[in-house]
Amino acid sequence: MSEELGTLEDLPQDYRDELDRAGVAPLWPMMRNVLPHGAPQPVTQPSHWTYGALRPLLLRAGELTPVEKAERRVLVLSDPGRGVGAMQATSTIYLGMQLLLPGESAPAHRHTPSAVRIVVEGTGGYTVVDGERLPMEEGDLVLTPCGEWHDHGHDGDEPVIWLDALDLPLFVYLEGSYAIEGELQAQRNRPDASQVEYRAAGLAPTRRPGQRPRRYPMLRYPWTGTEAALRQMATYGEGIAELDYINPETGEDVLPALGFTAMMLHSEQTHAPPLRSSSCAFHVVLGEGETVVNGKVIQWGPKDTFTAPVFADISHSAGTEAFLIRIHDRPLQDKLGYYEERPR
């Protein structure tokens with residue numbers, strides 16, 4: 001098969017004009033753009049957002065724009081391959097850093113994209129999802145799935161900041177992204193399911209005949225439990241400790257399109273994963289280190305966020321004991337039947 005395909009310029013101008021009038025275009029000049037040989041050619045570029053740079057900008061946003069004028073006071077983390085203002089950190093992942101000040105509340109709404117909140121800083125914040133009040137402590141992972149009513153509030157004394165991760169780009173591409181507004185929800189007078197029904201791994205509420213669990217039975221994954229599990233795994237396992245966040249009833253990923261994996265590296269430990277077909281973002285919960293993504297060196301510290309495109313060559317090296325959460329689109333690729341890992 002020829003490596004060189006015909007170009008548009010090879011065709012006579014009168015024929016090209018007739019194509020334009022007919023509203024059609026020849027495939028062959030564009031073939032290699034959409035079906036490159038061997039591997040994709042991603043637009044996404046590796047990027048790094050330091051928390052030290054973002055935090056003062058968020059606090060300044062809190063001074064400049066009341067939450068009533070913002071609805072959600074967020075700074076969007078834009079992929080440099082698409083330019084500042086792009087609502088994509090990778091092709092499928094939207095990331096934003098959100099601020100809620102003491103006494104504020106963000107109004108209730110529900111929307112077609114699914115979201116996860118990774119709490120970066122502060123105490124006293126909470127999210128209410130379908131009436132369930134979810135405390136927001138540093139490192140916690142909080143779900144607000146597709147179609148579920150949710151609002152945010154803050155009873156504490158200091159700013160609360162969290163990282164939003166959404167499958168928004170998919171819904172924008174499908175022209176299916178929209179939200180519906182509502183009133184703040186009445187909160188149930190009980191702790192959330194992570195503190196009651198799903199407090200211990202391997203245990204779930206007794207199944208009654210004909211009773212089906214909720215589609216999203218556990219909406220908060222406390223960091224304290226995640227860190228303890230990673231430490232235990234690191235003590236007895238080989239390589240780095242990695243744990244996937246899953247639905248405790250089904251064992252599936254927490255969301256249909258996005259997956260979340262917690263990682264622990266010991267001081268001076270290195271890790272070079274295989275080349276994965278999934279794009280990803282890493283959020284540093286604790287620790288310092290260095291990651292090389294396709295030759296780009298990223299020096300990261302606590303609360304930083306960085307990204308990698310599909311089939312990226314990634315190498316981690318921890319300078320101190322480090323904990324990270326990897327956000328990725330493997331669940332979507334699994335459903336589409338094309339997730340792939342290649343040796344380095």
# chains A, B, ... in the order shown; residues from 1 in each chain; ligands from 1

call {"tool": "closest_atom_pairs", "arguments": {"of": "segment 209-285 of chain A", "to": "segment 308-313 of chain A", "cutoff": "10 Å", "atoms": "only C-alpha atoms", "output": "JSON lines"}}
result
{"residue": "A:Ala272", "atom": "CA", "partner": "A:Asp313", "partner_atom": "CA", "distance": 8.1}
{"residue": "A:Pro273", "atom": "CA", "partner": "A:Asp313", "partner_atom": "CA", "distance": 8.1}
{"residue": "A:Pro274", "atom": "CA", "partner": "A:Asp313", "partner_atom": "CA", "distance": 7.7}
{"residue": "A:Leu275", "atom": "CA", "partner": "A:Phe311", "partner_atom": "CA", "distance": 4.7}
{"residue": "A:Arg276", "atom": "CA", "partner": "A:Phe311", "partner_atom": "CA", "distance": 4.8}
{"residue": "A:Ser277", "atom": "CA", "partner": "A:Val310", "partner_atom": "CA", "distance": 5.0}
{"residue": "A:Ser278", "atom": "CA", "partner": "A:Val310", "partner_atom": "CA", "distance": 5.1}
{"residue": "A:Ser279", "atom": "CA", "partner": "A:Val310", "partner_atom": "CA", "distance": 4.5}
{"residue": "A:Cys280", "atom": "CA", "partner": "A:Ala308", "partner_atom": "CA", "distance": 5.5}
{"residue": "A:Ala281", "atom": "CA", "partner": "A:Ala308", "partner_atom": "CA", "distance": 6.3}
{"residue": "A:Phe282", "atom": "CA", "partner": "A:Ala308", "partner_atom": "CA", "distance": 8.4}

call {"tool": "write_last_selection", "arguments": {"atoms": "N, CA, C and O atoms", "output": "mmCIF file, in the first residue's frame"}}
result
data_model
loop_
_atom_site.group_PDB
_atom_site.id
_atom_site.type_symbol
_atom_site.label_atom_id
_atom_site.label_comp_id
_atom_site.auth_asym_id
_atom_site.auth_seq_id
_atom_site.Cartn_x
_atom_site.Cartn_y
_atom_site.Cartn_z
ATOM 1 N N ALA A 272 7.677 3.078 35.721
ATOM 2 C CA ALA A 272 7.533 3.338 34.290
ATOM 3 C C ALA A 272 6.426 2.436 33.762
ATOM 4 O O ALA A 272 6.673 1.278 33.402
ATOM 5 N N PRO A 273 5.182 2.928 33.708
ATOM 6 C CA PRO A 273 4.065 2.098 33.248
ATOM 7 C C PRO A 273 4.161 1.815 31.764
ATOM 8 O O PRO A 273 4.891 2.495 31.024
ATOM 9 N N PRO A 274 3.409 0.838 31.273
ATOM 10 C CA PRO A 274 3.364 0.597 29.824
ATOM 11 C C PRO A 274 2.724 1.773 29.099
ATOM 12 O O PRO A 274 2.093 2.642 29.720
ATOM 13 N N LEU A 275 2.891 1.815 27.787
ATOM 14 C CA LEU A 275 2.231 2.844 26.985
ATOM 15 C C LEU A 275 0.750 2.503 26.886
ATOM 16 O O LEU A 275 0.387 1.425 26.398
ATOM 17 N N ARG A 276 -0.090 3.392 27.373
ATOM 18 C CA ARG A 276 -1.525 3.115 27.448
ATOM 19 C C ARG A 276 -2.278 3.943 26.409
ATOM 20 O O ARG A 276 -1.944 5.105 26.162
ATOM 21 N N SER A 277 -3.338 3.362 25.854
ATOM 22 C CA SER A 277 -4.144 4.083 24.877
ATOM 23 C C SER A 277 -5.028 5.143 25.516
ATOM 24 O O SER A 277 -5.633 5.955 24.815
ATOM 25 N N SER A 278 -5.109 5.156 26.853
ATOM 26 C CA SER A 278 -5.944 6.133 27.552
ATOM 27 C C SER A 278 -5.157 7.405 27.845
ATOM 28 O O SER A 278 -3.970 7.353 28.171
ATOM 29 N N SER A 279 -5.814 8.550 27.717
ATOM 30 C CA SER A 279 -5.218 9.796 28.187
ATOM 31 C C SER A 279 -5.447 9.889 29.690
ATOM 32 O O SER A 279 -6.305 9.201 30.247
ATOM 33 N N CYS A 280 -4.674 10.753 30.368
ATOM 34 C CA CYS A 280 -4.796 10.774 31.819
ATOM 35 C C CYS A 280 -4.323 12.103 32.392
ATOM 36 O O CYS A 280 -3.634 12.890 31.745
ATOM 37 N N ALA A 281 -4.742 12.326 33.642
ATOM 38 C CA ALA A 281 -4.258 13.437 34.453
ATOM 39 C C ALA A 281 -3.866 12.871 35.801
ATOM 40 O O ALA A 281 -4.467 11.906 36.290
ATOM 41 N N PHE A 282 -2.849 13.463 36.409
ATOM 42 C CA PHE A 282 -2.386 13.060 37.729
ATOM 43 C C PHE A 282 -2.577 14.225 38.689
ATOM 44 O O PHE A 282 -2.167 15.353 38.391
#

call {"tool": "select_by_dssp", "arguments": {"residues": "segment 128-227 of chain A", "states": "helix (DSSP H, G or I)", "output": "list in words"}}
result
Leu168, Pro169, Leu170, Phe171, Val172, Tyr173, Ala193, Ser194, Gln195, Trp223, Thr224, Gly225, Thr226 and Glu227 of chain A

call {"tool": "closest_atom_pairs", "arguments": {"of": "segment 137-161 of chain A", "to": "segment 180-202 of chain A", "cutoff": "12 Å", "atoms": "only C-alpha atoms", "output": "JSON lines"}}
result
{"residue": "A:Asp140", "atom": "CA", "partner": "A:Ser194", "partner_atom": "CA", "distance": 11.0}
{"residue": "A:Leu141", "atom": "CA", "partner": "A:Ser194", "partner_atom": "CA", "distance": 11.1}
{"residue": "A:Val142", "atom": "CA", "partner": "A:Ser194", "partner_atom": "CA", "distance": 10.5}
{"residue": "A:Leu143", "atom": "CA", "partner": "A:Ser194", "partner_atom": "CA", "distance": 11.9}
{"residue": "A:Cys146", "atom": "CA", "partner": "A:Ile180", "partner_atom": "CA", "distance": 11.6}
{"residue": "A:Gly147", "atom": "CA", "partner": "A:Ile180", "partner_atom": "CA", "distance": 9.1}
{"residue": "A:Glu148", "atom": "CA", "partner": "A:Ile180", "partner_atom": "CA", "distance": 10.3}
{"residue": "A:Trp149", "atom": "CA", "partner": "A:Gln185", "partner_atom": "CA", "distance": 8.1}
{"residue": "A:His150", "atom": "CA", "partner": "A:Gln185", "partner_atom": "CA", "distance": 7.8}
{"residue": "A:Asp151", "atom": "CA", "partner": "A:Leu184", "partner_atom": "CA", "distance": 6.5}
{"residue": "A:His152", "atom": "CA", "partner": "A:Leu184", "partner_atom": "CA", "distance": 8.9}
{"residue": "A:Gly153", "atom": "CA", "partner": "A:Leu184", "partner_atom": "CA", "distance": 9.7}

call {"tool": "write_last_selection", "arguments": {"atoms": "N, CA, C and O atoms", "output": "PDB file, in the first residue's frame"}}
result
ATOM      1  N   ASP A 140     -10.340  13.482  49.664  1.00  0.00           N
ATOM      2  CA  ASP A 140     -11.573  12.736  49.391  1.00  0.00           C
ATOM      3  C   ASP A 140     -11.929  12.816  47.917  1.00  0.00           C
ATOM      4  O   ASP A 140     -11.666  13.824  47.245  1.00  0.00           O
ATOM      5  N   LEU A 141     -12.555  11.772  47.424  1.00  0.00           N
ATOM      6  CA  LEU A 141     -13.090  11.723  46.067  1.00  0.00           C
ATOM      7  C   LEU A 141     -14.607  11.652  46.190  1.00  0.00           C
ATOM      8  O   LEU A 141     -15.142  10.739  46.819  1.00  0.00           O
ATOM      9  N   VAL A 142     -15.295  12.640  45.622  1.00  0.00           N
ATOM     10  CA  VAL A 142     -16.752  12.775  45.742  1.00  0.00           C
ATOM     11  C   VAL A 142     -17.370  12.726  44.352  1.00  0.00           C
ATOM     12  O   VAL A 142     -16.967  13.467  43.453  1.00  0.00           O
ATOM     13  N   LEU A 143     -18.360  11.858  44.173  1.00  0.00           N
ATOM     14  CA  LEU A 143     -19.020  11.696  42.878  1.00  0.00           C
ATOM     15  C   LEU A 143     -20.262  12.576  42.773  1.00  0.00           C
ATOM     16  O   LEU A 143     -21.045  12.679  43.721  1.00  0.00           O
ATOM     17  N   CYS A 146     -23.889  11.643  36.370  1.00  0.00           N
ATOM     18  CA  CYS A 146     -24.822  12.122  35.350  1.00  0.00           C
ATOM     19  C   CYS A 146     -26.259  12.080  35.868  1.00  0.00           C
ATOM     20  O   CYS A 146     -26.725  11.048  36.362  1.00  0.00           O
ATOM     21  N   GLY A 147     -26.950  13.214  35.772  1.00  0.00           N
ATOM     22  CA  GLY A 147     -28.366  13.261  36.099  1.00  0.00           C
ATOM     23  C   GLY A 147     -28.707  13.382  37.562  1.00  0.00           C
ATOM     24  O   GLY A 147     -29.893  13.495  37.906  1.00  0.00           O
ATOM     25  N   GLU A 148     -27.717  13.393  38.465  1.00  0.00           N
ATOM     26  CA  GLU A 148     -27.980  13.458  39.900  1.00  0.00           C
ATOM     27  C   GLU A 148     -27.963  14.923  40.366  1.00  0.00           C
ATOM     28  O   GLU A 148     -27.038  15.676  40.060  1.00  0.00           O
ATOM     29  N   TRP A 149     -28.984  15.311  41.118  1.00  0.00           N
ATOM     30  CA  TRP A 149     -29.016  16.645  41.700  1.00  0.00           C
ATOM     31  C   TRP A 149     -27.846  16.810  42.667  1.00  0.00           C
ATOM     32  O   TRP A 149     -27.549  15.916  43.455  1.00  0.00           O
ATOM     33  N   HIS A 150     -27.185  17.958  42.625  1.00  0.00           N
ATOM     34  CA  HIS A 150     -26.106  18.220  43.559  1.00  0.00           C
ATOM     35  C   HIS A 150     -25.932  19.716  43.785  1.00  0.00           C
ATOM     36  O   HIS A 150     -26.175  20.533  42.897  1.00  0.00           O
ATOM     37  N   ASP A 151     -25.549  20.059  45.005  1.00  0.00           N
ATOM     38  CA  ASP A 151     -25.183  21.428  45.345  1.00  0.00           C
ATOM     39  C   ASP A 151     -24.036  21.366  46.345  1.00  0.00           C
ATOM     40  O   ASP A 151     -23.715  20.301  46.889  1.00  0.00           O
ATOM     41  N   HIS A 152     -23.395  22.508  46.565  1.00  0.00           N
ATOM     42  CA  HIS A 152     -22.237  22.582  47.454  1.00  0.00           C
ATOM     43  C   HIS A 152     -22.477  23.640  48.521  1.00  0.00           C
ATOM     44  O   HIS A 152     -23.127  24.663  48.254  1.00  0.00           O
ATOM     45  N   GLY A 153     -21.922  23.405  49.705  1.00  0.00           N
ATOM     46  CA  GLY A 153     -22.010  24.377  50.787  1.00  0.00           C
ATOM     47  C   GLY A 153     -20.747  24.385  51.611  1.00  0.00           C
ATOM     48  O   GLY A 153     -19.870  23.517  51.458  1.00  0.00           O
TER      49      GLY A 153
END

call {"tool": "atom_distance", "arguments": {"atom1": "atom CA of Ile240 of chain A", "atom2": "atom CA of Ser315 of chain A"}}
result
12.5 Å

call {"tool": "select_by_dssp", "arguments": {"residues": "segment 110-331 of chain A", "states": "strand (DSSP E or B)", "output": "JSON, numbers by chain"}}
result
{"A": [110, 111, 115, 116, 117, 118, 119, 120, 121, 125, 126, 127, 128, 129, 132, 133, 134, 135, 136, 141, 142, 143, 144, 150, 151, 152, 153, 154, 160, 161, 162, 163, 164, 165, 166, 179, 180, 181, 182, 220, 221, 241, 242, 243, 244, 246, 253, 259, 260, 261, 262, 263, 264, 265, 270, 271, 275, 276, 280, 281, 282, 283, 284, 285, 286, 289, 290, 291, 292, 293, 296, 297, 298, 299, 300, 305, 306, 307, 308, 314, 315, 316, 317, 318, 322, 323, 324, 325, 326, 327, 328]}

call {"tool": "closest_atom_pairs", "arguments": {"of": "segment 141-171 of chain A", "to": "segment 117-125 of chain A", "cutoff": "9 Å", "atoms": "only C-alpha atoms", "output": "CSV"}}
result
residue,atom,partner,partner_atom,distance
A:Leu141,CA,A:Ile118,CA,4.7
A:Val142,CA,A:Arg117,CA,5.0
A:Leu143,CA,A:Arg117,CA,6.5
A:Thr144,CA,A:Arg117,CA,7.9
A:His152,CA,A:Gly125,CA,7.4
A:Gly153,CA,A:Gly125,CA,5.8
A:His154,CA,A:Gly125,CA,4.2
A:Asp155,CA,A:Gly124,CA,4.9
A:Gly156,CA,A:Gly124,CA,4.0
A:Asp157,CA,A:Gly124,CA,7.4
A:Glu158,CA,A:Gly122,CA,6.3
A:Pro159,CA,A:Gly122,CA,5.9
A:Val160,CA,A:Gly122,CA,4.4
A:Ile161,CA,A:Glu121,CA,5.1
A:Trp162,CA,A:Val119,CA,4.2
A:Leu163,CA,A:Ile118,CA,5.0
A:Asp164,CA,A:Arg117,CA,4.8
A:Ala165,CA,A:Arg117,CA,6.5
A:Leu166,CA,A:Arg117,CA,8.9

call {"tool": "closest_atom_pairs", "arguments": {"of": "segment 78-108 of chain A", "to": "segment 40-45 of chain A", "cutoff": "7 Å", "atoms": "only C-alpha atoms", "output": "CSV"}}
result
residue,atom,partner,partner_atom,distance
A:Asp79,CA,A:Thr44,CA,6.3
A:Pro80,CA,A:Gln45,CA,6.1
A:Gly81,CA,A:Thr44,CA,5.1
A:Thr90,CA,A:Thr44,CA,5.6
A:Ser91,CA,A:Thr44,CA,6.6
